[in-house]
Structures are given as C-alpha cells and as structure tokens.
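Beneath this line is the structure, given in structure tokens, with notes to follow.
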Amino acid sequence: AQSVTQLGSHVSVSEGALVLLRCNYSSSVPPYLFWYVQYPNQGLQLLLKYTSAATLVKGINGFEAEFKKSETSFHLTKPSAHMSDAAEYFCAVDNFNKFYFGSGTKLNVKP
Amino acid sequence: EAGVAQSPRYKIIEKRQSVAFWCNPISGHATLYWYQQILGQGPKLLIQFQNNGVVDDSQLPKDRFSAERLKGVDSTLKIQPAKLEDSAVYLCASSSDRRETQYFGPGTRLLVL
C-alpha cells in the first residue's frame, strides 16, 4: 500500500510567489513525517521533520509544513520563492521502522 | 564532523556481473540505511541496520542483493548477478538512532549494460 503520495511531479512558480508542495500519507501508527530536498548532483538534505510535537514545523531556508491529522496531509510551504529553491523535494513517512519516500516534486522557479 | 562516505561514486558493469558498494556512516551512528533510487522515483528503502542487526529488509531482493554491517560500523551492499533494472543510484544514510534524522551520503550511480 502506498504510504506517501506527492501530488504533482512538477511545480512551477515565479520568484517571490508562494510555494506549496503537497504530501498526503497513510499510517496505522502515529507517524514521523519529513521533507527532504535534493539539489542537482547533490545528496538528500533534511528540510524539516514532524515528530508529534507542534503541528506547524519550521525548517531551514524559510520552509515550513503543517501536520493535519484529519486530512492526513503534511504540505510544504514557503511564502516567497527564491531562484535557489529550484530542486526536487521529497516527502517521507516513518511508520516506526518502515520508512517510505514519496515520488518527489521538482520545483522550478521562474525569474 | 565528517559526513556519510560512499564509494565508488560511479560504476558501470555488464548484466550478470557482480558489484559491491561501500558505506562509512557518521561516527557513532547506530542506524544505517541503504536505499535504491531509480531515475524519476523517490528512494526506496532496501535494508535498515541497527548496530549489527537487521531491522527491516522487506524490500531487499534477497535472491540477488545482500548487505552486511560488520562490527556495527561500515557496511557493504552487493548485487550478484546484476540485471538491467538494477541501474539506479544507491544511497547510504545513517542516524544516531532509530527514528532520528537521517544523513545521506552522495550515492553510488550504477549503470548496468
């Protein structure tokens, strides 16, 4: 069964516009949730993680995500996109030792 | 603090050959992960070690893939024999403990011809 679904394999925004990357998950236990970023020819880097504390999680580079249990969602947002945000973003869920990544969303930022 | 090291960075082999990848995790990290990332897809967890022991290998194709983590430090992942569909980037990650933040190495890019 699919544990993580990322809607939209490609998202394009203008510089300065809102970034919204969608992630929905399924879990039979309280999950830990993560967003990772992968820049071209670089390794995966953690942006932020949710571990059952505050539902609004702030990460690096101005990104944040909100855990919504009723919607089983963990969408990633940034108020104002920068050219340097162009990368691929992966949502991931930890169902207690079962770790799943989503298929990724490539973010393109237009000048 | 040194990051996760992997070698080689690139490997090209013929199908039916064997290949091995090496990973050196961050010092002191108890948990080590191997992922397979096929082009255009998210990483898929192949195997997770906690110190010397295997926590999860449910997605490891055990007829051709094997992995070990001797002395709870370095790890090797082997494919024998390789198939065309094994072409992917193999990522190693480590964390201080289970469910802690994973730190990823640069990956090994494998091409099977």
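Just so we're on the same page: first chain in the structure tokens is A, next is B, and so on; residues restart at 1 for each chain, and ligands are numbered from 1 in the order they show up.
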
(request) Define the interface residues of chain B facing chain A as those within 8 Å, counting only C-alpha atoms, and report them as a PyMOL selection string. (result) chain B and resi 40-45+55-56+98-99+101-107

Residue subset to file, keeping N, CA, C and O atoms, as a JSON list (two decimals), in the first residue's frame:
```
[["chain", "number", "residue", "atom", "x", "y", "z"],
["B", 40, "GLY", "N", 13.84, 9.25, -11.64],
["B", 40, "GLY", "CA", 12.46, 9.71, -11.67],
["B", 40, "GLY", "C", 11.59, 9.23, -10.52],
["B", 40, "GLY", "O", 10.40, 9.52, -10.49],
["B", 41, "GLN", "N", 12.19, 8.49, -9.60],
["B", 41, "GLN", "CA", 11.43, 7.96, -8.46],
["B", 41, "GLN", "C", 12.06, 8.42, -7.15],
["B", 41, "GLN", "O", 13.20, 8.88, -7.11],
["B", 42, "GLY", "N", 11.29, 8.26, -6.07],
["B", 42, "GLY", "CA", 11.84, 8.53, -4.76],
["B", 42, "GLY", "C", 12.69, 7.36, -4.28],
["B", 42, "GLY", "O", 12.57, 6.24, -4.79],
["B", 43, "PRO", "N", 13.57, 7.59, -3.32],
["B", 43, "PRO", "CA", 14.38, 6.50, -2.79],
["B", 43, "PRO", "C", 13.50, 5.41, -2.18],
["B", 43, "PRO", "O", 12.49, 5.70, -1.54],
["B", 44, "LYS", "N", 13.91, 4.16, -2.38],
["B", 44, "LYS", "CA", 13.22, 3.02, -1.80],
["B", 44, "LYS", "C", 14.15, 2.35, -0.80],
["B", 44, "LYS", "O", 15.29, 1.99, -1.15],
["B", 45, "LEU", "N", 13.67, 2.19, 0.43],
["B", 45, "LEU", "CA", 14.50, 1.56, 1.46],
["B", 45, "LEU", "C", 14.71, 0.09, 1.13],
["B", 45, "LEU", "O", 13.77, -0.67, 0.96],
["B", 55, "VAL", "N", 17.02, -4.51, 10.94],
["B", 55, "VAL", "CA", 15.71, -4.10, 11.44],
["B", 55, "VAL", "C", 14.63, -4.37, 10.40],
["B", 55, "VAL", "O", 13.55, -4.84, 10.72],
["B", 56, "ASP", "N", 14.95, -4.05, 9.16],
["B", 56, "ASP", "CA", 13.97, -4.22, 8.08],
["B", 56, "ASP", "C", 14.70, -4.49, 6.78],
["B", 56, "ASP", "O", 15.56, -3.70, 6.38],
["B", 98, "ARG", "N", 17.24, 4.89, 15.83],
["B", 98, "ARG", "CA", 16.04, 4.71, 15.01],
["B", 98, "ARG", "C", 15.12, 5.91, 15.18],
["B", 98, "ARG", "O", 14.97, 6.45, 16.27],
["B", 99, "ARG", "N", 14.53, 6.35, 14.08],
["B", 99, "ARG", "CA", 13.59, 7.45, 14.02],
["B", 99, "ARG", "C", 14.24, 8.83, 14.22],
["B", 99, "ARG", "O", 13.55, 9.83, 14.32],
["B", 101, "THR", "N", 16.99, 11.83, 12.74],
["B", 101, "THR", "CA", 17.29, 12.40, 11.42],
["B", 101, "THR", "C", 18.31, 11.57, 10.68],
["B", 101, "THR", "O", 19.36, 11.22, 11.24],
["B", 102, "GLN", "N", 18.02, 11.27, 9.43],
["B", 102, "GLN", "CA", 18.95, 10.54, 8.58],
["B", 102, "GLN", "C", 19.84, 11.52, 7.81],
["B", 102, "GLN", "O", 19.35, 12.52, 7.29],
["B", 103, "TYR", "N", 21.10, 11.18, 7.74],
["B", 103, "TYR", "CA", 22.06, 11.96, 6.97],
["B", 103, "TYR", "C", 22.53, 11.08, 5.81],
["B", 103, "TYR", "O", 22.93, 9.94, 6.00],
["B", 104, "PHE", "N", 22.45, 11.65, 4.62],
["B", 104, "PHE", "CA", 22.68, 10.87, 3.41],
["B", 104, "PHE", "C", 24.08, 11.11, 2.85],
["B", 104, "PHE", "O", 24.60, 12.23, 2.88],
["B", 105, "GLY", "N", 24.64, 10.04, 2.29],
["B", 105, "GLY", "CA", 25.86, 10.15, 1.53],
["B", 105, "GLY", "C", 25.56, 10.62, 0.11],
["B", 105, "GLY", "O", 24.39, 10.78, -0.26],
["B", 106, "PRO", "N", 26.60, 10.80, -0.70],
["B", 106, "PRO", "CA", 26.42, 11.32, -2.07],
["B", 106, "PRO", "C", 25.86, 10.29, -3.04],
["B", 106, "PRO", "O", 25.39, 10.65, -4.12],
["B", 107, "GLY", "N", 25.89, 9.02, -2.66],
["B", 107, "GLY", "CA", 25.34, 7.98, -3.52],
["B", 107, "GLY", "C", 26.35, 7.38, -4.47],
["B", 107, "GLY", "O", 27.40, 7.97, -4.78]]
```

(message) So that I can see what lies close to Leu46 of chain B, please list as JSON, numbers by chain the residues with an atom at most 12 Å from it, counting only C-alpha atoms and leaving out residues fewer than 5 positions away in the same chain.
(response) {"A": [98, 99, 100], "B": [32, 33, 34, 35, 36, 37, 54, 55, 56, 57, 58, 59, 60, 61, 62, 65, 66, 67, 77, 78, 90, 91, 92, 93]}

(message) Which residues are close to Val11 of chain A, i.e. within 9 Å by only C-alpha atoms, leaving aside same-chain residues fewer than 4 positions away? Reply as a PyMOL selection string.
(response) chain A and resi 19-21+105-109

(message) DSSP on the backbone, helix (DSSP H, G or I) only: what residues of chain B does that give? Format it as a ChimeraX atom specification.
(response) /B:70-72,84-86

(request) Would you mind listing what lies within 10 Å of Glu14 of chain B as a PyMOL selection string, with only C-alpha atoms counted and same-chain residues fewer than 6 positions away left out? (result) chain B and resi 81-84+111-113

Please, could you write that set of residues out with N, CA, C and O atoms as a compact mmCIF listing (two decimals), in the first residue's frame?
```txt
# COMPACT_ATOMS: atom_id res chain seq x y z
N PRO B 81 23.66 -11.86 -9.41
CA PRO B 81 24.15 -11.12 -10.58
C PRO B 81 23.29 -9.89 -10.85
O PRO B 81 22.11 -9.86 -10.51
N ALA B 82 23.88 -8.90 -11.47
CA ALA B 82 23.15 -7.66 -11.74
C ALA B 82 22.24 -7.82 -12.95
O ALA B 82 22.53 -8.57 -13.88
N LYS B 83 21.12 -7.10 -12.90
CA LYS B 83 20.18 -7.04 -14.01
C LYS B 83 20.09 -5.60 -14.50
O LYS B 83 20.47 -4.66 -13.79
N LEU B 84 19.58 -5.45 -15.71
CA LEU B 84 19.46 -4.10 -16.29
C LEU B 84 18.67 -3.17 -15.38
O LEU B 84 19.00 -1.99 -15.23
N LEU B 111 25.27 1.82 -13.43
CA LEU B 111 24.71 1.59 -14.76
C LEU B 111 25.01 0.16 -15.16
O LEU B 111 26.17 -0.25 -15.18
N VAL B 112 23.95 -0.60 -15.44
CA VAL B 112 24.11 -1.99 -15.87
C VAL B 112 23.79 -2.06 -17.36
O VAL B 112 22.69 -1.70 -17.78
N LEU B 113 24.76 -2.52 -18.14
CA LEU B 113 24.60 -2.59 -19.60
C LEU B 113 24.31 -4.01 -20.07
O LEU B 113 24.71 -4.97 -19.40
```

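Between atom CA of Val13 of chain A and atom CA of Phe63 of chain A the separation is 15.0 Å.
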
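In this model, the gap between atom CA of Ala5 of chain B and atom CA of Arg69 of chain B comes to 14.5 Å.
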
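DSSP on the backbone gives strand (DSSP E) for these parts of segment 34-71 of chain A: Phe34, Trp35, Tyr36, Val37, Gln38, Leu44, Gln45, Leu46, Leu47, Leu48, Lys49, Tyr50, Leu56, Val57, Lys58, Glu64, Ala65, Glu66, Phe67 and Lys68 of chain A.
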
(request) Would you mind listing what lies within 6 Å of segment 19-24 of chain B as a ChimeraX atom specification, with only C-alpha atoms counted and same-chain residues fewer than 5 positions away left out? (result) /B:4-7,74-79

Residue neighbourhood Ala65 of chain A, 9 Å, only C-alpha atoms, exclusion window fewer than 6 positions, as a PDB file with N, CA and C atoms, in the first residue's frame:
```
ATOM      1  N   TRP A  35      10.363  16.262   5.265  1.00  0.00           N
ATOM      2  CA  TRP A  35      10.598  16.793   3.927  1.00  0.00           C
ATOM      3  C   TRP A  35      12.113  16.869   3.731  1.00  0.00           C
ATOM      4  N   LEU A  48      12.896  19.643   7.130  1.00  0.00           N
ATOM      5  CA  LEU A  48      12.181  19.713   8.395  1.00  0.00           C
ATOM      6  C   LEU A  48      11.582  18.353   8.715  1.00  0.00           C
ATOM      7  N   LYS A  49      11.167  18.198  10.005  1.00  0.00           N
ATOM      8  CA  LYS A  49      10.542  16.947  10.395  1.00  0.00           C
ATOM      9  C   LYS A  49       9.495  17.191  11.472  1.00  0.00           C
ATOM     10  N   TYR A  50       8.476  16.347  11.449  1.00  0.00           N
ATOM     11  CA  TYR A  50       7.404  16.361  12.435  1.00  0.00           C
ATOM     12  C   TYR A  50       7.512  15.085  13.263  1.00  0.00           C
ATOM     13  N   THR A  55       2.260  21.042  15.608  1.00  0.00           N
ATOM     14  CA  THR A  55       1.774  20.638  14.283  1.00  0.00           C
ATOM     15  C   THR A  55       2.348  21.495  13.166  1.00  0.00           C
ATOM     16  N   LEU A  56       2.752  22.723  13.490  1.00  0.00           N
ATOM     17  CA  LEU A  56       3.403  23.577  12.498  1.00  0.00           C
ATOM     18  C   LEU A  56       4.910  23.478  12.723  1.00  0.00           C
ATOM     19  N   VAL A  57       5.594  23.000  11.707  1.00  0.00           N
ATOM     20  CA  VAL A  57       7.026  22.760  11.833  1.00  0.00           C
ATOM     21  C   VAL A  57       7.782  23.728  10.936  1.00  0.00           C
ATOM     22  N   LYS A  58       8.748  24.386  11.483  1.00  0.00           N
ATOM     23  CA  LYS A  58       9.578  25.303  10.700  1.00  0.00           C
ATOM     24  C   LYS A  58      10.904  24.625  10.382  1.00  0.00           C
ATOM     25  N   GLY A  59      11.351  24.818   9.150  1.00  0.00           N
ATOM     26  CA  GLY A  59      12.591  24.200   8.726  1.00  0.00           C
ATOM     27  C   GLY A  59      13.605  25.220   8.256  1.00  0.00           C
ATOM     28  N   PHE A  74       0.659  16.729   4.978  1.00  0.00           N
ATOM     29  CA  PHE A  74       1.854  17.382   5.519  1.00  0.00           C
ATOM     30  C   PHE A  74       2.436  18.220   4.390  1.00  0.00           C
ATOM     31  N   HIS A  75       1.719  19.253   4.005  1.00  0.00           N
ATOM     32  CA  HIS A  75       2.116  20.074   2.868  1.00  0.00           C
ATOM     33  C   HIS A  75       3.253  21.028   3.236  1.00  0.00           C
ATOM     34  N   LEU A  76       4.138  21.255   2.291  1.00  0.00           N
ATOM     35  CA  LEU A  76       5.305  22.125   2.485  1.00  0.00           C
ATOM     36  C   LEU A  76       5.027  23.480   1.854  1.00  0.00           C
ATOM     37  N   THR A  77       5.325  24.556   2.577  1.00  0.00           N
ATOM     38  CA  THR A  77       5.093  25.887   2.051  1.00  0.00           C
ATOM     39  C   THR A  77       6.292  26.798   2.301  1.00  0.00           C
ATOM     40  N   LYS A  78       6.363  27.828   1.458  1.00  0.00           N
ATOM     41  CA  LYS A  78       7.319  28.911   1.650  1.00  0.00           C
ATOM     42  C   LYS A  78       6.665  30.163   1.092  1.00  0.00           C
TER      43      LYS A  78
END
```

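The shortest atom-to-atom distance to Ser3 of chain A, with only C-alpha atoms taken into account, belongs to A:Thr72 out of A:Gln38, A:Thr72, A:Ser52, A:Asn61.
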
(request) Please measure the separation of atom CA of Gly62 of chain A and atom CA of Ser26 of chain A, giving the value in Å to one decimal. (result) 26.5 Å

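With only C-alpha atoms as the atoms that count, the minimum distance from Gly28 of chain B to the choices B:Ser87, B:Gln48, B:Thr108, B:Val73 is reached by B:Val73.
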